[in-house]
$ cat protein32.txt   # compact mmCIF, C-alpha atoms
# COMPACT_ATOMS: atom_id res chain seq x y z
CA MET R 1 -20.04 13.22 -3.18
CA ALA R 2 -18.41 16.61 -3.64
CA GLY R 3 -20.50 19.25 -5.37
CA LYS R 4 -24.02 19.03 -6.75
CA ILE R 5 -25.87 21.26 -9.21
CA ILE R 6 -29.63 21.01 -9.25
CA ALA R 7 -31.13 22.69 -12.30
CA ASP R 8 -34.13 22.22 -14.59
CA THR R 9 -32.79 24.53 -17.30
CA LEU R 10 -29.44 25.40 -18.84
CA GLU R 11 -29.31 28.90 -20.36
CA HIS R 12 -26.75 30.19 -22.83
CA SER R 13 -26.09 33.93 -23.08
CA THR R 14 -27.11 34.10 -26.76
CA ALA R 15 -28.16 30.66 -28.01
CA GLY R 16 -31.19 30.21 -25.77
CA SER R 17 -32.08 27.71 -23.06
CA LEU R 18 -32.34 23.96 -22.78
CA SER R 19 -34.22 21.78 -20.30
CA THR R 20 -31.89 19.45 -18.42
CA GLU R 21 -34.35 16.67 -19.31
CA TYR R 22 -32.74 16.76 -22.76
CA VAL R 23 -29.39 16.03 -21.14
CA VAL R 24 -30.74 13.23 -18.95
CA ASN R 25 -32.79 11.59 -21.71
CA GLY R 26 -30.15 12.11 -24.36
CA SER R 27 -27.23 10.58 -22.49
CA ALA R 28 -26.06 7.03 -23.11
CA LYS R 29 -26.99 4.82 -20.16
CA ALA R 30 -24.45 2.10 -20.92
CA TRP R 31 -21.57 1.39 -23.28
CA VAL R 32 -19.01 -1.32 -23.92
CA ARG R 33 -15.89 -1.76 -26.00
CA TYR R 34 -14.93 -5.41 -26.30
CA ASN R 35 -12.73 -7.85 -28.17
CA GLY R 36 -14.45 -10.98 -29.47
CA THR R 37 -11.42 -12.76 -30.87
CA GLY R 38 -9.64 -15.46 -28.88
CA THR R 39 -11.07 -15.46 -25.38
CA ALA R 40 -13.64 -12.66 -25.40
CA ALA R 41 -12.76 -9.73 -23.13
CA ILE R 42 -14.11 -6.30 -22.22
CA SER R 43 -11.68 -3.42 -22.77
CA ASP R 44 -13.77 -0.79 -21.02
CA SER R 45 -17.39 -0.08 -20.27
CA PHE R 46 -19.98 1.67 -18.19
CA ASN R 47 -23.07 0.15 -16.54
CA THR R 48 -22.21 -3.32 -17.81
CA ALA R 49 -21.98 -6.37 -15.55
CA SER R 50 -20.93 -9.02 -18.05
CA ILE R 51 -20.92 -10.18 -21.62
CA ALA R 52 -21.87 -13.67 -22.67
CA ASP R 53 -20.07 -15.11 -25.69
CA ASN R 54 -22.90 -17.14 -27.26
CA GLY R 55 -21.02 -18.30 -30.35
CA THR R 56 -19.34 -16.79 -33.39
CA GLY R 57 -20.20 -13.08 -33.54
CA ASP R 58 -23.04 -13.51 -31.02
CA TYR R 59 -22.86 -11.70 -27.66
CA THR R 60 -25.25 -10.80 -24.84
CA PHE R 61 -24.54 -7.70 -22.75
CA ALA R 62 -25.98 -7.49 -19.22
CA PHE R 63 -26.55 -4.18 -17.44
CA SER R 64 -25.71 -3.40 -13.83
CA SER R 65 -28.51 -0.82 -13.61
CA SER R 66 -31.44 -2.21 -15.59
CA MET R 67 -33.46 -0.29 -18.15
CA ASN R 68 -37.05 0.68 -17.37
CA ASN R 69 -38.56 -1.20 -20.31
CA SER R 70 -37.37 -3.20 -23.27
CA ASN R 71 -37.97 -0.39 -25.78
CA PHE R 72 -34.51 1.09 -25.43
CA ALA R 73 -32.20 1.72 -28.35
CA CYS R 74 -28.77 0.21 -28.65
CA ASN R 75 -26.21 0.89 -31.32
CA ALA R 76 -23.54 -1.62 -32.19
CA THR R 77 -20.55 -1.35 -34.48
CA SER R 78 -17.65 -3.68 -35.02
CA LYS R 79 -14.41 -4.17 -36.87
CA GLU R 80 -13.14 -7.59 -37.82
CA VAL R 81 -9.40 -6.97 -37.56
CA ASP R 82 -7.60 -4.64 -35.20
CA GLY R 83 -5.19 -2.20 -36.82
CA SER R 84 -5.10 -0.83 -40.35
CA ALA R 85 -4.20 -3.81 -42.55
CA ALA R 86 -5.44 -3.87 -46.14
CA ASN R 87 -7.78 -6.77 -45.40
CA ASN R 88 -9.26 -4.92 -42.46
CA ASN R 89 -12.91 -5.60 -43.33
CA GLY R 90 -15.56 -3.69 -41.50
CA THR R 91 -18.33 -5.74 -39.95
CA GLY R 92 -21.93 -4.91 -39.34
CA ALA R 93 -23.57 -5.46 -35.98
CA MET R 94 -27.26 -6.04 -35.42
CA PRO R 95 -28.73 -5.54 -31.95
CA TYR R 96 -31.74 -7.72 -31.23
CA SER R 97 -33.75 -9.31 -28.44
CA ASN R 98 -33.77 -6.58 -25.81
CA ALA R 99 -34.79 -7.37 -22.25
CA THR R 100 -34.64 -4.79 -19.46
CA GLY R 101 -31.50 -6.37 -18.00
CA SER R 102 -29.63 -7.25 -21.17
CA PHE R 103 -29.53 -7.18 -24.97
CA ARG R 104 -27.98 -9.35 -27.64
CA VAL R 105 -25.83 -8.34 -30.62
CA LEU R 106 -24.92 -10.29 -33.76
CA ASN R 107 -21.80 -9.28 -35.69
CA PHE R 108 -21.48 -9.96 -39.42
CA SER R 109 -18.83 -9.50 -42.06
CA PRO R 110 -19.80 -7.79 -45.36
CA ASP R 111 -20.50 -11.21 -46.92
CA GLY R 112 -23.19 -11.80 -44.30
CA ASN R 113 -21.39 -14.48 -42.30
CA PRO R 114 -21.10 -14.23 -38.51
CA ARG R 115 -17.75 -12.81 -37.44
CA ASP R 116 -16.03 -12.20 -34.12
CA PRO R 117 -14.98 -8.56 -33.91
CA ALA R 118 -11.49 -7.52 -32.90
CA ILE R 119 -13.13 -4.29 -31.82
CA GLY R 120 -16.81 -4.27 -30.92
CA ASN R 121 -18.68 -1.26 -29.54
CA THR R 122 -22.18 -0.81 -28.20
CA SER R 123 -24.02 2.07 -26.58
CA THR R 124 -27.50 2.17 -25.10
CA MET R 125 -30.01 5.01 -24.94
CA GLY R 126 -33.29 4.90 -23.06
CA ASP R 127 -34.84 5.15 -19.61
CA LEU R 128 -33.35 3.52 -16.54
CA ALA R 129 -35.48 1.55 -14.08
CA MET N 1 -10.63 4.16 -0.72
CA GLN N 2 -13.75 4.19 1.43
CA THR N 3 -17.07 3.81 -0.39
CA PRO N 4 -19.51 6.61 0.48
CA LYS N 5 -22.75 5.62 2.23
CA PHE N 6 -24.84 4.87 -0.82
CA LYS N 7 -28.16 3.57 0.47
CA GLY N 8 -30.91 5.47 -1.34
CA THR N 9 -28.53 6.74 -4.03
CA HIS N 10 -29.53 5.84 -7.59
CA LEU N 11 -27.50 2.84 -8.75
CA PHE N 12 -26.46 4.77 -11.87
CA ASP N 13 -24.91 7.46 -9.64
CA ARG N 14 -23.10 4.79 -7.64
CA LEU N 15 -21.68 3.37 -10.87
CA CYS N 16 -20.59 6.89 -11.88
CA TRP N 17 -18.70 7.20 -8.59
CA ALA N 18 -17.07 3.80 -9.16
CA LYS N 19 -16.07 4.66 -12.72
CA GLU N 20 -14.39 7.82 -11.50
CA ASN N 21 -12.67 6.35 -8.47
CA LEU N 22 -11.96 2.65 -9.03
CA GLU N 23 -9.56 0.90 -11.39
CA GLY N 24 -11.11 -1.90 -13.45
CA VAL N 25 -10.20 -5.44 -12.43
CA GLN N 26 -9.81 -7.97 -15.26
CA SER N 27 -10.83 -11.32 -13.83
CA ASP N 28 -9.25 -14.54 -15.11
CA TYR N 29 -12.42 -16.45 -14.26
CA ARG N 30 -14.91 -17.47 -16.93
CA VAL N 31 -18.21 -19.29 -16.55
CA VAL N 32 -18.98 -21.83 -19.27
CA PHE N 33 -22.62 -22.88 -19.41
CA GLU N 34 -25.06 -24.71 -21.65
CA ASP N 35 -28.68 -23.60 -21.54
CA SER N 36 -29.86 -25.59 -24.56
CA VAL N 37 -28.87 -28.99 -25.89
CA ASP N 38 -29.19 -27.58 -29.42
CA GLU N 39 -26.74 -24.72 -28.88
CA CYS N 40 -23.03 -24.49 -28.23
CA ALA N 41 -21.57 -23.68 -24.84
CA LYS N 42 -21.75 -20.01 -23.83
CA ILE N 43 -19.08 -18.18 -21.92
CA LEU N 44 -19.83 -15.51 -19.34
CA VAL N 45 -17.15 -12.82 -19.08
CA PRO N 46 -17.17 -10.54 -16.00
CA ASP N 47 -16.91 -6.84 -16.73
CA PRO N 48 -13.76 -5.25 -15.20
CA ASN N 49 -15.59 -2.18 -13.86
CA TRP N 50 -18.34 -4.33 -12.42
CA MET N 51 -15.74 -6.56 -10.78
CA ALA N 52 -14.11 -3.49 -9.23
CA CYS N 53 -17.49 -2.54 -7.73
CA ALA N 54 -17.97 -6.06 -6.37
CA LEU N 55 -14.54 -6.13 -4.74
CA GLN N 56 -14.96 -2.61 -3.36
CA GLY N 57 -18.34 -3.28 -1.73
CA GLY N 58 -21.15 -0.87 -0.88
CA ILE N 59 -22.10 -0.24 -4.53
CA LEU N 60 -24.00 -3.18 -6.03
CA PRO N 61 -27.50 -4.16 -4.88
CA PRO N 62 -28.14 -7.68 -3.55
CA VAL N 63 -28.72 -10.18 -6.34
CA TRP N 64 -32.28 -10.93 -5.22
CA VAL N 65 -33.22 -7.47 -6.44
CA TYR N 66 -32.52 -8.55 -10.02
CA HIS N 67 -34.57 -11.69 -9.48
CA GLU N 68 -37.52 -9.61 -8.28
CA LEU N 69 -37.28 -7.39 -11.37
CA ALA N 70 -37.06 -10.49 -13.58
CA LYS N 71 -40.26 -11.81 -11.94
CA ASP N 72 -42.01 -8.53 -12.76
CA GLU N 73 -40.78 -8.65 -16.34
CA ALA N 74 -42.05 -12.19 -16.76
CA GLN N 75 -45.64 -11.06 -16.13
CA PRO N 76 -47.70 -11.13 -19.34
CA ASP N 77 -48.95 -7.57 -18.83
CA PHE N 78 -45.47 -6.13 -18.13
CA LYS N 79 -44.88 -2.76 -19.76
CA LYS N 80 -42.21 -1.14 -17.61
CA HIS N 81 -40.61 -1.56 -14.21
CA THR N 82 -42.48 -0.05 -11.29
CA ARG N 83 -40.11 -1.41 -8.63
CA GLY N 84 -36.87 0.07 -9.91
CA TYR N 85 -36.47 1.60 -6.45
CA LEU N 86 -35.29 -1.84 -5.29
CA LEU N 87 -32.07 -1.27 -7.22
CA HIS N 88 -31.51 2.10 -5.60
CA ASN N 89 -32.95 1.90 -2.10
CA THR N 90 -31.89 -1.58 -1.01
CA GLU N 91 -28.79 -1.69 1.18
CA PRO N 92 -25.81 -2.39 -1.13
CA VAL N 93 -23.89 -5.61 -0.59
CA PRO N 94 -20.53 -5.48 1.23
CA ALA N 95 -17.19 -6.25 -0.43
CA MET N 96 -16.93 -9.68 -2.02
CA THR N 97 -13.98 -11.86 -2.89
CA GLU N 98 -13.45 -12.48 -6.60
CA GLU N 99 -14.91 -15.97 -6.19
CA GLU N 100 -17.99 -14.64 -4.41
CA ALA N 101 -18.39 -12.05 -7.15
CA ILE N 102 -18.39 -14.79 -9.79
CA GLU N 103 -21.10 -16.64 -7.84
CA TYR N 104 -23.13 -13.42 -7.68
CA LEU N 105 -22.68 -12.91 -11.42
CA ILE N 106 -23.84 -16.45 -12.16
CA LEU N 107 -27.01 -15.84 -10.16
CA LYS N 108 -27.51 -12.52 -11.92
CA ASP N 109 -26.61 -13.20 -15.56
CA CYS N 110 -26.84 -16.95 -16.17
CA PRO N 111 -30.30 -18.39 -16.84
CA GLU N 112 -31.98 -19.72 -13.71
CA SER N 113 -32.49 -23.05 -15.46
CA VAL N 114 -28.70 -23.43 -15.56
CA TRP N 115 -27.62 -22.46 -12.04
CA LYS N 116 -30.52 -24.11 -10.23
CA THR N 117 -29.79 -27.55 -11.68
CA TYR N 118 -26.20 -27.27 -12.93
CA ASN N 119 -25.16 -30.54 -11.28
CA GLU N 120 -28.28 -32.56 -11.99
CA GLY N 121 -28.97 -34.78 -14.98
CA ASN N 122 -26.50 -36.78 -17.04
CA ARG N 123 -23.88 -34.11 -17.60
CA LEU N 124 -22.69 -30.77 -16.28
CA LYS N 125 -24.44 -27.63 -17.47
CA MET N 126 -22.01 -25.14 -15.99
CA VAL N 127 -18.32 -24.92 -15.14
CA ILE N 128 -16.21 -22.12 -13.64
CA CYS N 129 -12.72 -22.07 -15.11
CA LYS N 130 -9.73 -19.84 -15.76
CA LYS N 131 -9.59 -18.24 -19.20
CA GLU N 132 -6.34 -20.12 -19.93
CA GLN N 133 -8.35 -23.34 -19.78
CA LEU N 134 -10.53 -22.28 -22.72
CA PRO N 135 -9.51 -22.86 -26.35
CA GLN N 136 -7.22 -20.01 -27.38
CA THR N 137 -8.57 -19.78 -30.93
CA ARG N 138 -12.15 -19.51 -32.12
CA GLU N 139 -11.93 -22.56 -34.35
CA TRP N 140 -15.22 -24.50 -34.40
CA ARG N 141 -16.61 -22.02 -31.87
CA ASN N 142 -20.22 -22.95 -32.61
CA ALA N 143 -19.50 -26.58 -31.73
CA TRP N 144 -17.93 -25.99 -28.32
CA LYS N 145 -19.43 -28.06 -25.52
CA ILE N 146 -18.48 -28.70 -21.91
CA SER N 147 -16.20 -31.72 -21.93
CA ASP N 148 -17.82 -35.00 -20.93
CA ASP N 149 -14.56 -35.77 -19.11
CA LEU N 150 -15.73 -33.39 -16.39
CA SER N 151 -18.13 -35.69 -14.64
CA LEU N 152 -20.39 -34.99 -11.70
CA THR N 153 -18.44 -37.62 -9.78
CA ASP N 154 -15.25 -35.57 -10.19
CA LEU N 155 -17.02 -32.59 -8.67
CA ALA N 156 -18.30 -34.63 -5.77
CA ALA N 157 -14.78 -35.87 -5.13

$ encode --input "protein32.txt" --output "structure tokens"
Amino acid sequence: MAGKIIADTLEHSTAGSLSTEYVVNGSAKAWVRYNGTGTAAISDSFNTASIADNGTGDYTFAFSSSMNNSNFACNATSKEVDGSAANNNGTGAMPYSNATGSFRVLNFSPDGNPRDPAIGNTSTMGDLA
Amino acid sequence: MQTPKFKGTHLFDRLCWAKENLEGVQSDYRVVFEDSVDECAKILVPDPNWMACALQGGILPPVWVYHELAKDEAQPDFKKHTRGYLLHNTEPVPAMTEEEAIEYLILKDCPESVWKTYNEGNRLKMVICKKEQLPQTREWRNAWKISDDLSLTDLAA
């Protein structure tokens, strides 16, 4: 690889200094943007090997580089319809059942029913194995 | 593009290199599997960036590494991984064909109970297909099952 900076601290001329541990620990370790309508597909991602379409609104995301333990945090958001139509309901997403190699997300519409998102997003924070 | 010599490089760093240097590859293959008689069929979708790594070679660890980590995680006193170095220090696998990559992904991300005995019992538990062969709408998604028309005899033939 070209270029490498090894540093424990970042220092700003006036705002003070910051340990690079904050950067390492505070960075997302994986993310995915996917489409759950029709035949599910991944638009783009990082550190993701696959998604499993488990049923309506129900998806499992598998990492390439596993997490260190199952106490990582994942955020999930989703949108039922792509575009800006008037009936473009937002949907809620609930991450659950973390394992170190994967996690599962349920997507719901505002009425509480499972929904496949036209746009689904997840990001994962935590420690890598 | 030639993959740098990555043995001993953290897998996350290898994935960073791949993200920066490789174009994602959208595979047409899907893996349909059933891991419970009470649940609908599930569909495994390969990630395009992961597929690019598999086709490129020299980035992904051998699949047995994931199995070793899964064994550790299955221990009742598991708190966190202590053998994460297997992901980073094991010699990466060479370039695969798309079909070999799908086989790797099945071994990695499908339950072992599915791939070990997929062709045993009264009906198939797993099928590799093209995405065009799947229903194009999500109607009755939670009732999808692998068709009984696909018999084990057909596979043997």

$ closest_residue --input "protein32.txt" --among "R:Thr122, R:Asn71, R:Asn107, R:Ser78" --to "Lys79 (chain N)" --atoms "only C-alpha atoms"
R:Asn71

$ closest_residue --input "protein32.txt" --among "R:Gly101, R:Pro110, R:Gly16, R:Gly26" --to "Thr60 (chain R)" --atoms "all atoms listed in the file"
R:Gly101

$ residues_around --input "protein32.txt" --residues "Met126 (chain N)" --least-positions-apart "2" --cutoff "10 Å" --atoms "all atoms listed in the file" --output "VMD selection string"
chain N and resid 31 to 35 41 to 43 106 110 114 to 115 117 to 119 123 to 124 128 to 129 146

$ interface_residues --input "protein32.txt" --of "chain R" --to "chain N" --cutoff "6 Å" --atoms "all atoms listed in the file" --output "number ranges by chain"
R: 38, 49-55, 68-69, 129

$ atom_distance --input "protein32.txt" --atom1 "CA of Thr3 (chain N)" --atom2 "CA of Glu98 (chain N)"
17.8 Å

$ axis_aligned_box --input "protein32.txt" --around "region 10-21 of chain N" --padding-each-side "5 Å" --output "JSON"
{"center_x": -21.1, "center_y": 5.3, "center_z": -10.2, "size_x": 26.9, "size_y": 15.0, "size_z": 15.1}

$ atom_distance --input "protein32.txt" --atom1 "CA of Ile119 (chain R)" --atom2 "CA of Tyr96 (chain R)"
18.9 Å

$ residues_near_point --input "protein32.txt" --point "(-23.9, 3.9, -26.2)" --cutoff "6 Å" --atoms "all atoms listed in the file" --output "VMD selection string"
chain R and resid 28 30 to 31 122 to 124

$ atom_distance --input "protein32.txt" --atom1 "CA of Lys4 (chain R)" --atom2 "CA of Val24 (chain R)"
15.1 Å

$ closest_residue --input "protein32.txt" --among "R:Ala76, R:Ser19, R:Pro114, R:Val32" --to "Ala62 (chain R)" --atoms "all atoms listed in the file"
R:Val32

$ closest_residue --input "protein32.txt" --among "N:Thr90, N:Ser113, N:Ser147, N:Asn21" --to "Lys7 (chain N)" --atoms "only C-alpha atoms"
N:Thr90

$ residues_around --input "protein32.txt" --residues "Ser70 (chain R)" --least-positions-apart "5" --cutoff "7 Å" --atoms "all atoms listed in the file" --output "PyMOL selection string"
chain R and resi 98-100

$ residues_near_point --input "protein32.txt" --point "(-20.8, -5.6, -4.5)" --cutoff "6 Å" --atoms "all atoms listed in the file" --output "JSON, numbers by chain"
{"N": [53, 54, 57, 58, 59, 60, 93, 94, 95]}

$ decode --input "protein32.txt" --residues "region 49-68 of chain R" --atoms "C-alpha atoms" --output "PDB file, in the first residue's frame"
ATOM      1  CA  ALA R  49     -20.480 -10.753   2.411  1.00  0.00           C
ATOM      2  CA  SER R  50     -24.171 -11.369   1.810  1.00  0.00           C
ATOM      3  CA  ILE R  51     -27.712 -10.621   2.809  1.00  0.00           C
ATOM      4  CA  ALA R  52     -30.306 -13.290   3.399  1.00  0.00           C
ATOM      5  CA  ASP R  53     -33.890 -12.420   2.510  1.00  0.00           C
ATOM      6  CA  ASN R  54     -35.744 -14.293   5.276  1.00  0.00           C
ATOM      7  CA  GLY R  55     -39.255 -13.142   4.391  1.00  0.00           C
ATOM      8  CA  THR R  56     -41.210  -9.908   4.171  1.00  0.00           C
ATOM      9  CA  GLY R  57     -39.120  -7.115   5.707  1.00  0.00           C
ATOM     10  CA  ASP R  58     -36.773  -9.612   7.371  1.00  0.00           C
ATOM     11  CA  TYR R  59     -33.076  -9.664   6.394  1.00  0.00           C
ATOM     12  CA  THR R  60     -29.831 -11.085   7.788  1.00  0.00           C
ATOM     13  CA  PHE R  61     -26.564  -9.305   6.994  1.00  0.00           C
ATOM     14  CA  ALA R  62     -23.311 -11.289   7.141  1.00  0.00           C
ATOM     15  CA  PHE R  63     -19.930  -9.631   7.668  1.00  0.00           C
ATOM     16  CA  SER R  64     -16.721 -10.420   5.803  1.00  0.00           C
ATOM     17  CA  SER R  65     -14.592  -9.376   8.784  1.00  0.00           C
ATOM     18  CA  SER R  66     -16.401 -10.567  11.902  1.00  0.00           C
ATOM     19  CA  MET R  67     -17.027  -8.481  14.993  1.00  0.00           C
ATOM     20  CA  ASN R  68     -15.172  -9.285  18.210  1.00  0.00           C
TER      21      ASN R  68
END
